[in-house]
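Here's start_17.cif, which has mmCIF, C-alpha atoms:
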```cif
data_final
#
loop_
_atom_site.group_PDB
_atom_site.id
_atom_site.type_symbol
_atom_site.label_atom_id
_atom_site.label_comp_id
_atom_site.auth_asym_id
_atom_site.auth_seq_id
_atom_site.Cartn_x
_atom_site.Cartn_y
_atom_site.Cartn_z
ATOM 1 C CA MET A 10 22.219 -2.805 3.298
ATOM 2 C CA ASN A 11 19.339 -0.878 4.827
ATOM 3 C CA ASP A 12 15.899 -0.466 3.285
ATOM 4 C CA ASP A 13 16.666 2.888 1.645
ATOM 5 C CA ASP A 14 19.821 1.473 0.037
ATOM 6 C CA ALA A 15 17.846 -1.423 -1.421
ATOM 7 C CA VAL A 16 15.219 0.942 -2.869
ATOM 8 C CA PHE A 17 17.768 3.337 -4.383
ATOM 9 C CA LYS A 18 19.768 0.440 -5.805
ATOM 10 C CA ALA A 19 16.624 -1.069 -7.289
ATOM 11 C CA LEU A 20 15.681 2.256 -8.882
ATOM 12 C CA ALA A 21 19.163 2.813 -10.310
ATOM 13 C CA ASP A 22 18.471 0.718 -13.386
ATOM 14 C CA PRO A 23 16.441 1.623 -16.480
ATOM 15 C CA THR A 24 14.978 -1.870 -16.947
ATOM 16 C CA ARG A 25 13.727 -1.969 -13.380
ATOM 17 C CA ARG A 26 12.236 1.520 -13.666
ATOM 18 C CA HIS A 27 10.551 0.387 -16.878
ATOM 19 C CA LEU A 28 9.081 -2.619 -15.064
ATOM 20 C CA LEU A 29 7.729 -0.346 -12.330
ATOM 21 C CA ASP A 30 6.179 1.929 -14.960
ATOM 22 C CA ARG A 31 4.485 -1.060 -16.578
ATOM 23 C CA LEU A 32 2.986 -2.060 -13.227
ATOM 24 C CA PHE A 33 1.998 1.547 -12.573
ATOM 25 C CA GLU A 34 0.001 1.541 -15.819
ATOM 26 C CA ARG A 35 -1.648 -1.726 -14.917
ATOM 27 C CA ASP A 36 -1.023 -3.681 -11.766
ATOM 28 C CA GLY A 37 -1.053 -7.438 -11.188
ATOM 29 C CA ARG A 38 0.869 -8.745 -14.206
ATOM 30 C CA THR A 39 2.455 -12.104 -14.915
ATOM 31 C CA LEU A 40 6.131 -12.546 -15.744
ATOM 32 C CA THR A 41 5.158 -13.392 -19.319
ATOM 33 C CA GLU A 42 3.347 -10.068 -19.713
ATOM 34 C CA LEU A 43 6.195 -8.129 -18.148
ATOM 35 C CA GLU A 44 8.871 -9.651 -20.359
ATOM 36 C CA SER A 45 6.842 -9.182 -23.563
ATOM 37 C CA ASP A 46 8.252 -5.781 -24.513
ATOM 38 C CA LEU A 47 11.752 -6.244 -23.150
ATOM 39 C CA ALA A 48 14.629 -7.389 -25.323
ATOM 40 C CA MET A 49 15.874 -9.646 -22.588
ATOM 41 C CA THR A 50 15.746 -13.298 -21.597
ATOM 42 C CA ARG A 51 13.080 -14.500 -19.186
ATOM 43 C CA PHE A 52 15.840 -15.214 -16.711
ATOM 44 C CA GLY A 53 17.137 -11.630 -17.000
ATOM 45 C CA VAL A 54 13.691 -10.184 -16.317
ATOM 46 C CA MET A 55 13.286 -12.537 -13.348
ATOM 47 C CA LYS A 56 16.561 -11.280 -11.909
ATOM 48 C CA HIS A 57 15.411 -7.681 -12.151
ATOM 49 C CA LEU A 58 12.048 -8.537 -10.598
ATOM 50 C CA ARG A 59 13.837 -10.246 -7.727
ATOM 51 C CA VAL A 60 15.817 -7.053 -6.983
ATOM 52 C CA LEU A 61 12.547 -5.098 -7.006
ATOM 53 C CA GLU A 62 10.958 -7.665 -4.696
ATOM 54 C CA GLU A 63 13.893 -7.574 -2.296
ATOM 55 C CA ALA A 64 13.552 -3.801 -2.101
ATOM 56 C CA GLY A 65 9.856 -4.258 -1.352
ATOM 57 C CA LEU A 66 8.848 -2.339 -4.484
ATOM 58 C CA VAL A 67 7.153 -5.323 -6.065
ATOM 59 C CA VAL A 68 5.077 -7.953 -4.295
ATOM 60 C CA ARG A 69 4.396 -11.307 -5.935
ATOM 61 C CA ARG A 70 1.157 -13.069 -5.094
ATOM 62 C CA LYS A 71 -0.424 -16.287 -6.256
ATOM 63 C CA SER A 72 -3.755 -16.017 -7.965
ATOM 64 C CA GLY A 73 -5.007 -19.453 -8.909
ATOM 65 C CA ARG A 74 -2.239 -21.008 -10.983
ATOM 66 C CA GLU A 75 -0.686 -17.687 -11.864
ATOM 67 C CA SER A 76 1.865 -15.639 -10.031
ATOM 68 C CA LEU A 77 1.080 -11.933 -10.334
ATOM 69 C CA HIS A 78 3.346 -8.970 -9.708
ATOM 70 C CA PHE A 79 2.000 -5.949 -7.868
ATOM 71 C CA LEU A 80 3.496 -2.547 -7.286
ATOM 72 C CA ASN A 81 3.913 -1.818 -3.581
ATOM 73 C CA PRO A 82 3.719 1.972 -3.285
ATOM 74 C CA VAL A 83 4.837 2.133 0.365
ATOM 75 C CA PRO A 84 8.686 2.205 0.018
ATOM 76 C CA ILE A 85 8.646 4.947 -2.634
ATOM 77 C CA ARG A 86 6.329 6.965 -0.435
ATOM 78 C CA LEU A 87 8.723 6.578 2.502
ATOM 79 C CA ILE A 88 11.672 7.656 0.325
ATOM 80 C CA HIS A 89 9.619 10.596 -0.876
ATOM 81 C CA ASP A 90 8.800 11.695 2.661
ATOM 82 C CA ARG A 91 12.348 11.216 3.895
ATOM 83 C CA TRP A 92 14.446 12.400 0.926
ATOM 84 C CA ILE A 93 12.363 14.495 -1.412
ATOM 85 C CA ASP A 94 9.845 16.456 0.621
ATOM 86 C CA LYS A 95 12.616 17.629 2.935
ATOM 87 C CA TYR A 96 14.606 19.289 0.160
ATOM 88 C CA ARG A 97 11.635 20.891 -1.527
ATOM 89 C CA GLU A 98 12.231 24.189 0.205
ATOM 90 C CA HIS A 99 11.695 27.679 -1.137
ATOM 91 C CA ARG A 100 15.318 28.162 -1.981
ATOM 92 C CA VAL A 101 15.383 25.148 -4.250
ATOM 93 C CA SER A 102 12.075 25.895 -5.912
ATOM 94 C CA ALA A 103 13.106 29.529 -6.435
ATOM 95 C CA LEU A 104 16.186 28.332 -8.295
ATOM 96 C CA ALA A 105 14.169 25.828 -10.281
ATOM 97 C CA ASN A 106 11.695 28.575 -11.219
ATOM 98 C CA LEU A 107 14.535 30.836 -12.264
ATOM 99 C CA LYS A 108 15.963 28.096 -14.462
ATOM 100 C CA THR A 109 12.553 27.534 -16.105
ATOM 101 C CA LYS A 110 12.081 31.291 -16.645
ATOM 102 C CA LEU A 111 15.535 31.701 -18.166
ATOM 103 C CA GLU A 112 15.088 28.727 -20.440
ATOM 104 C CA GLU A 113 11.681 29.963 -21.577
ATOM 105 C CA THR A 114 13.046 33.358 -22.568
ATOM 106 C CA ALA A 115 16.234 31.986 -24.087
ATOM 107 C CA MET B 26 2.932 11.673 -17.210
ATOM 108 C CA THR B 27 0.503 8.774 -17.114
ATOM 109 C CA THR B 28 -2.119 8.690 -14.430
ATOM 110 C CA MET B 29 -2.832 5.497 -12.604
ATOM 111 C CA THR B 30 -6.238 3.989 -12.989
ATOM 112 C CA ALA B 31 -7.054 2.498 -9.633
ATOM 113 C CA THR B 32 -6.820 -1.254 -10.007
ATOM 114 C CA THR B 33 -9.191 -3.905 -8.774
ATOM 115 C CA THR B 34 -6.475 -5.515 -6.659
ATOM 116 C CA GLN B 35 -4.258 -3.274 -4.563
ATOM 117 C CA VAL B 36 -1.319 -4.507 -2.516
ATOM 118 C CA TYR B 37 0.430 -2.608 0.267
ATOM 119 C CA GLN B 38 3.311 -4.002 2.241
ATOM 120 C CA LEU B 39 5.368 -2.553 5.063
ATOM 121 C CA PHE B 40 7.642 -3.591 7.890
ATOM 122 C CA ILE B 41 6.593 -2.849 11.434
ATOM 123 C CA ARG B 42 8.871 -3.225 14.450
ATOM 124 C CA ALA B 43 6.428 -5.015 16.745
ATOM 125 C CA THR B 44 5.086 -8.445 17.635
ATOM 126 C CA PRO B 45 2.272 -9.973 15.580
ATOM 127 C CA GLU B 46 0.054 -9.762 18.688
ATOM 128 C CA ALA B 47 0.619 -5.999 19.015
ATOM 129 C CA ILE B 48 -0.214 -5.455 15.356
ATOM 130 C CA TRP B 49 -3.295 -7.664 15.604
ATOM 131 C CA GLU B 50 -4.422 -5.633 18.608
ATOM 132 C CA ALA B 51 -3.918 -2.373 16.694
ATOM 133 C CA ILE B 52 -6.091 -3.665 13.841
ATOM 134 C CA THR B 53 -8.897 -5.129 15.939
ATOM 135 C CA ASN B 54 -9.160 -2.961 19.066
ATOM 136 C CA PRO B 55 -11.378 0.126 18.553
ATOM 137 C CA ASP B 56 -9.359 2.145 21.090
ATOM 138 C CA PHE B 57 -6.409 1.746 18.702
ATOM 139 C CA THR B 58 -8.188 2.006 15.362
ATOM 140 C CA GLU B 59 -9.724 5.375 16.225
ATOM 141 C CA GLN B 60 -6.191 6.759 16.582
ATOM 142 C CA TYR B 61 -5.157 6.039 12.984
ATOM 143 C CA PHE B 62 -8.210 4.973 10.934
ATOM 144 C CA HIS B 63 -9.699 8.430 10.325
ATOM 145 C CA GLY B 64 -11.186 8.279 13.803
ATOM 146 C CA VAL B 65 -13.202 5.133 13.023
ATOM 147 C CA ARG B 66 -13.742 2.719 15.907
ATOM 148 C CA ALA B 67 -13.656 -0.787 14.414
ATOM 149 C CA GLU B 68 -14.748 -3.693 16.523
ATOM 150 C CA PHE B 69 -14.606 -7.357 15.540
ATOM 151 C CA LYS B 70 -17.234 -9.531 17.190
ATOM 152 C CA ASP B 71 -19.824 -12.174 16.365
ATOM 153 C CA GLY B 72 -18.279 -12.697 12.944
ATOM 154 C CA ARG B 73 -18.723 -9.085 11.905
ATOM 155 C CA ARG B 74 -16.657 -5.922 11.769
ATOM 156 C CA PHE B 75 -18.565 -3.026 13.334
ATOM 157 C CA SER B 76 -17.425 0.493 12.466
ATOM 158 C CA THR B 77 -18.432 3.820 13.934
ATOM 159 C CA THR B 78 -17.132 7.174 12.716
ATOM 160 C CA GLN B 79 -16.532 10.178 14.964
ATOM 161 C CA GLY B 80 -19.634 11.679 13.349
ATOM 162 C CA GLY B 81 -21.736 8.764 14.598
ATOM 163 C CA VAL B 82 -22.219 6.902 11.294
ATOM 164 C CA SER B 83 -22.107 3.136 11.898
ATOM 165 C CA TRP B 84 -22.203 0.018 9.783
ATOM 166 C CA ASP B 85 -20.941 -3.534 9.827
ATOM 167 C CA GLU B 86 -19.454 -6.016 7.398
ATOM 168 C CA PRO B 87 -18.972 -9.791 7.567
ATOM 169 C CA ILE B 88 -15.605 -11.219 8.642
ATOM 170 C CA ILE B 89 -14.667 -13.814 6.030
ATOM 171 C CA GLU B 90 -11.697 -15.394 7.790
ATOM 172 C CA GLN B 91 -9.823 -14.799 11.015
ATOM 173 C CA GLU B 92 -6.764 -16.459 12.375
ATOM 174 C CA PRO B 93 -5.262 -14.340 15.168
ATOM 175 C CA PRO B 94 -2.616 -12.955 15.131
ATOM 176 C CA ARG B 95 -1.734 -13.733 11.525
ATOM 177 C CA ARG B 96 -4.599 -13.324 9.134
ATOM 178 C CA LEU B 97 -7.848 -11.405 8.918
ATOM 179 C CA VAL B 98 -10.170 -11.125 5.937
ATOM 180 C CA HIS B 99 -13.293 -9.008 5.888
ATOM 181 C CA GLU B 100 -15.693 -7.417 3.474
ATOM 182 C CA TRP B 101 -15.391 -3.739 2.699
ATOM 183 C CA VAL B 102 -18.019 -1.213 1.735
ATOM 184 C CA SER B 103 -17.195 2.489 2.090
ATOM 185 C CA TYR B 104 -20.360 3.257 4.049
ATOM 186 C CA TYR B 105 -18.837 6.530 5.294
ATOM 187 C CA ASP B 106 -19.569 8.065 1.879
ATOM 188 C CA PRO B 107 -23.131 7.950 0.482
ATOM 189 C CA GLU B 108 -22.019 7.531 -3.141
ATOM 190 C CA MET B 109 -19.495 4.775 -2.408
ATOM 191 C CA ALA B 110 -21.900 3.069 0.014
ATOM 192 C CA ALA B 111 -24.030 2.117 -2.998
ATOM 193 C CA GLU B 112 -21.157 0.181 -4.610
ATOM 194 C CA GLU B 113 -20.638 -3.588 -4.488
ATOM 195 C CA PRO B 114 -18.711 -5.009 -1.498
ATOM 196 C CA SER B 115 -14.962 -5.555 -1.940
ATOM 197 C CA ARG B 116 -12.549 -7.514 0.246
ATOM 198 C CA VAL B 117 -9.694 -6.556 2.585
ATOM 199 C CA THR B 118 -7.054 -9.069 3.695
ATOM 200 C CA TRP B 119 -4.537 -8.353 6.450
ATOM 201 C CA GLU B 120 -1.536 -10.680 6.682
ATOM 202 C CA ILE B 121 0.971 -10.420 9.511
ATOM 203 C CA GLU B 122 4.170 -12.340 8.977
ATOM 204 C CA PRO B 123 6.790 -12.337 11.754
ATOM 205 C CA ARG B 124 10.475 -12.345 10.756
ATOM 206 C CA ASP B 125 13.657 -13.320 12.586
ATOM 207 C CA ASP B 126 14.780 -9.742 13.231
ATOM 208 C CA GLY B 127 11.875 -8.749 15.476
ATOM 209 C CA MET B 128 10.046 -7.041 12.623
ATOM 210 C CA CYS B 129 6.779 -8.117 11.081
ATOM 211 C CA LEU B 130 5.832 -7.798 7.455
ATOM 212 C CA LEU B 131 2.308 -6.474 7.183
ATOM 213 C CA THR B 132 0.600 -7.042 3.845
ATOM 214 C CA LEU B 133 -2.741 -5.475 3.102
ATOM 215 C CA VAL B 134 -4.583 -6.606 -0.002
ATOM 216 C CA HIS B 135 -7.718 -4.774 -1.044
ATOM 217 C CA ASP B 136 -9.278 -6.724 -3.897
ATOM 218 C CA GLN B 137 -12.533 -7.710 -5.565
ATOM 219 C CA LEU B 138 -12.939 -4.025 -6.354
ATOM 220 C CA GLU B 139 -14.522 -4.681 -9.774
ATOM 221 C CA GLY B 140 -17.915 -3.425 -8.620
ATOM 222 C CA ALA B 141 -16.557 -0.523 -6.613
ATOM 223 C CA PRO B 142 -14.578 1.834 -8.866
ATOM 224 C CA LYS B 143 -15.082 4.905 -6.671
ATOM 225 C CA THR B 144 -13.908 3.010 -3.613
ATOM 226 C CA ALA B 145 -10.900 1.701 -5.583
ATOM 227 C CA GLU B 146 -9.966 5.262 -6.497
ATOM 228 C CA SER B 147 -10.522 6.565 -3.006
ATOM 229 C CA VAL B 148 -8.426 3.974 -1.146
ATOM 230 C CA SER B 149 -5.521 4.097 -3.630
ATOM 231 C CA GLY B 150 -2.880 6.825 -3.667
ATOM 232 C CA THR B 151 -2.647 8.086 -0.114
ATOM 233 C CA GLY B 152 -5.801 6.285 1.146
ATOM 234 C CA TRP B 153 -4.455 3.045 2.602
ATOM 235 C CA MET B 154 -0.980 4.559 2.846
ATOM 236 C CA PHE B 155 -2.249 7.099 5.384
ATOM 237 C CA VAL B 156 -3.952 4.422 7.481
ATOM 238 C CA LEU B 157 -1.004 2.017 7.332
ATOM 239 C CA SER B 158 1.655 4.581 8.185
ATOM 240 C CA GLY B 159 -0.529 5.738 11.070
ATOM 241 C CA LEU B 160 -0.842 2.152 12.283
ATOM 242 C CA LYS B 161 2.937 1.664 12.035
ATOM 243 C CA THR B 162 3.696 4.852 13.966
ATOM 244 C CA LEU B 163 1.138 4.021 16.638
ATOM 245 C CA VAL B 164 2.408 0.479 17.183
ATOM 246 C CA GLU B 165 6.084 1.475 17.131
ATOM 247 C CA THR B 166 5.919 4.643 19.228
ATOM 248 C CA GLY B 167 2.658 4.362 21.134
ATOM 249 C CA LYS B 168 1.641 7.743 19.743
ATOM 250 C CA PRO B 169 -0.667 8.583 16.851
ATOM 251 C CA LEU B 170 0.826 10.028 13.649
ATOM 252 C CA ALA B 171 -1.057 13.315 13.652
#
```
Written form, structure tokens:
Amino acid sequence: MNDDDAVFKALADPTRRHLLDRLFERDGRTLTELESDLAMTRFGVMKHLRVLEEAGLVVRRKSGRESLHFLNPVPIRLIHDRWIDKYREHRVSALANLKTKLEETA
Amino acid sequence: MTTMTATTTQVYQLFIRATPEAIWEAITNPDFTEQYFHGVRAEFKDGRRFSTTQGGVSWDEPIIEQEPPRRLVHEWVSYYDPEMAAEEPSRVTWEIEPRDDGMCLLTLVHDQLEGAPKTAESVSGTGWMFVLSGLKTLVETGKPLA
């Protein structure tokens, strides 16, 4: 599995995207904080965090006695540059604009 | 959409296909840093990190820890901007971790940003990302990014 595969796989899950959003709002959280609003066992949350770590999206660092989770923005940036920027051409945006226009007037 | 408030600890991690020595060199040799660090020549000597911009602004910060070619910790004040120069010093840690596959994992932690909110904002987003991707490209290809 290459790096891109790991990132896409990690992002292809609502719980993991939720965890990333939580870290986006405030970085450097403990497992306890991250599991607080998830209807899931601690073990389940740990499993999801491990997938995110393996994809490089989350970095865990020790801070005193705590282990904190940080968002690593680099892999998403690389995916953006490689897979998103490239397809943001006029043709596509023209179609997207048309869709917005049509939906507004509908 | 929520906007991110720049946090007081920021972590950036990326793989670089190079030896730890080559990466260390790229971080500490001014001839390399000026090719990716917004033109800043950064020199590490006598326990301090000396920086000079292309515009001739210079300053220096203490080196807190250095363990070539694996770990480097130094103070950070954004002296290149008058407003940010007045903020409290923060801390930058570079960690270079070699792996079995010939790649290194470079981790940059910019923390202790509590007294430097403008700096925190400025280095987040594309700030460090720009510098780090430039460093990666330079070390891997021998050519600067832009």
Run the PyMOL selection byres ((chain B) within 7 of (chain A)) mentally over the shown coordinates, then write out the matched residues as a list in words, using the chain letters and numbers from the document.
->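 Applied to this file, the PyMOL selection byres ((chain B) within 7 of (chain A)) returns Met29, Thr32, Val36, Tyr37, Gln38, Leu39 and Met154 of chain B.
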Let's have the selection written as a PDB file, in the frame of the given file, with C-alpha atoms.
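File produced: again.pdb:
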```pdb
ATOM      1  CA  MET B  29      -2.832   5.497 -12.604  1.00  0.00           C
ATOM      2  CA  THR B  32      -6.820  -1.254 -10.007  1.00  0.00           C
ATOM      3  CA  VAL B  36      -1.319  -4.507  -2.516  1.00  0.00           C
ATOM      4  CA  TYR B  37       0.430  -2.608   0.267  1.00  0.00           C
ATOM      5  CA  GLN B  38       3.311  -4.002   2.241  1.00  0.00           C
ATOM      6  CA  LEU B  39       5.368  -2.553   5.063  1.00  0.00           C
ATOM      7  CA  MET B 154      -0.980   4.559   2.846  1.00  0.00           C
TER       8      MET B 154
END
```
Could you work out how far CA of Leu77 (chain A) lies from CA of Pro23 (chain A), giving the answer in Å with one decimal?
->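 Interatomic distance, CA of Pro23 (chain A) to CA of Leu77 (chain A): 21.4 Å.
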Please, which residues are within 10 Å of (1.5, -18.3, -12.9) by the file's coordinates, counting only C-alpha atoms, and could they come as a PyMOL selection string?
-> chain A and resi 38-41+70-77
Evaluate the PyMOL selection byres ((chain B and resi 91) around 12) and report residues as an MDAnalysis selection string = chainID B and resid 49 53 69:74 87:90 92:99 117:121
Expected axis-aligned box over every listed atom of region 69-83 of chain A, 3 Å added per side, centre plus edges in Å to one decimal, as AutoDock Vina command-line options:
```
--center_x -0.1 --center_y -9.4 --center_z -5.7 --size_x 15.8 --size_y 29.1 --size_z 18.2
```
Between B:Ile41, B:Asp106, B:Ala141, B:Gly64, single out the one closest to Leu157 (chain B), counting all atoms listed in the file.
->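 Among B:Ile41, B:Asp106, B:Ala141, B:Gly64, it is B:Ile41 that comes nearest to Leu157 (chain B).
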Residue nearest Trp92 (chain A) - candidates A:Asp13, A:Ala48, A:Arg59, A:Glu42, atoms counted: all atoms listed in the file =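 Among A:Asp13, A:Ala48, A:Arg59, A:Glu42, it is A:Asp13 that comes nearest to Trp92 (chain A).
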Would you mind listing what lies within 10 Å of Met109 (chain B) as a PyMOL selection string, with all atoms listed in the file counted and same-chain residues fewer than 3 positions away left out?
-> chain B and resi 102-106+112-114+141-145+147
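Atom pair CA of Glu122 (chain B) / CA of Thr44 (chain B): separated by 9.5 Å.
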Do you know which residues the PyMOL selection byres ((chain A and resi 19) around 9) returns on this file, as a PDB file with C-alpha atoms, keeping the file's coordinate frame?
```
ATOM      1  CA  ASP A  14      19.821   1.473   0.037  1.00  0.00           C
ATOM      2  CA  ALA A  15      17.846  -1.423  -1.421  1.00  0.00           C
ATOM      3  CA  VAL A  16      15.219   0.942  -2.869  1.00  0.00           C
ATOM      4  CA  PHE A  17      17.768   3.337  -4.383  1.00  0.00           C
ATOM      5  CA  LYS A  18      19.768   0.440  -5.805  1.00  0.00           C
ATOM      6  CA  LEU A  20      15.681   2.256  -8.882  1.00  0.00           C
ATOM      7  CA  ALA A  21      19.163   2.813 -10.310  1.00  0.00           C
ATOM      8  CA  ASP A  22      18.471   0.718 -13.386  1.00  0.00           C
ATOM      9  CA  ARG A  25      13.727  -1.969 -13.380  1.00  0.00           C
ATOM     10  CA  ARG A  26      12.236   1.520 -13.666  1.00  0.00           C
ATOM     11  CA  HIS A  57      15.411  -7.681 -12.151  1.00  0.00           C
ATOM     12  CA  VAL A  60      15.817  -7.053  -6.983  1.00  0.00           C
ATOM     13  CA  LEU A  61      12.547  -5.098  -7.006  1.00  0.00           C
ATOM     14  CA  GLU A  63      13.893  -7.574  -2.296  1.00  0.00           C
ATOM     15  CA  ALA A  64      13.552  -3.801  -2.101  1.00  0.00           C
ATOM     16  CA  LEU A  66       8.848  -2.339  -4.484  1.00  0.00           C
TER      17      LEU A  66
END
```
Give me, please, the distance in Å between CA of Ala67 (chain B) and CA of Pro55 (chain B), quoted to one decimal.
->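 About the pair CA of Ala67 (chain B) and CA of Pro55 (chain B): they are 4.8 Å apart.
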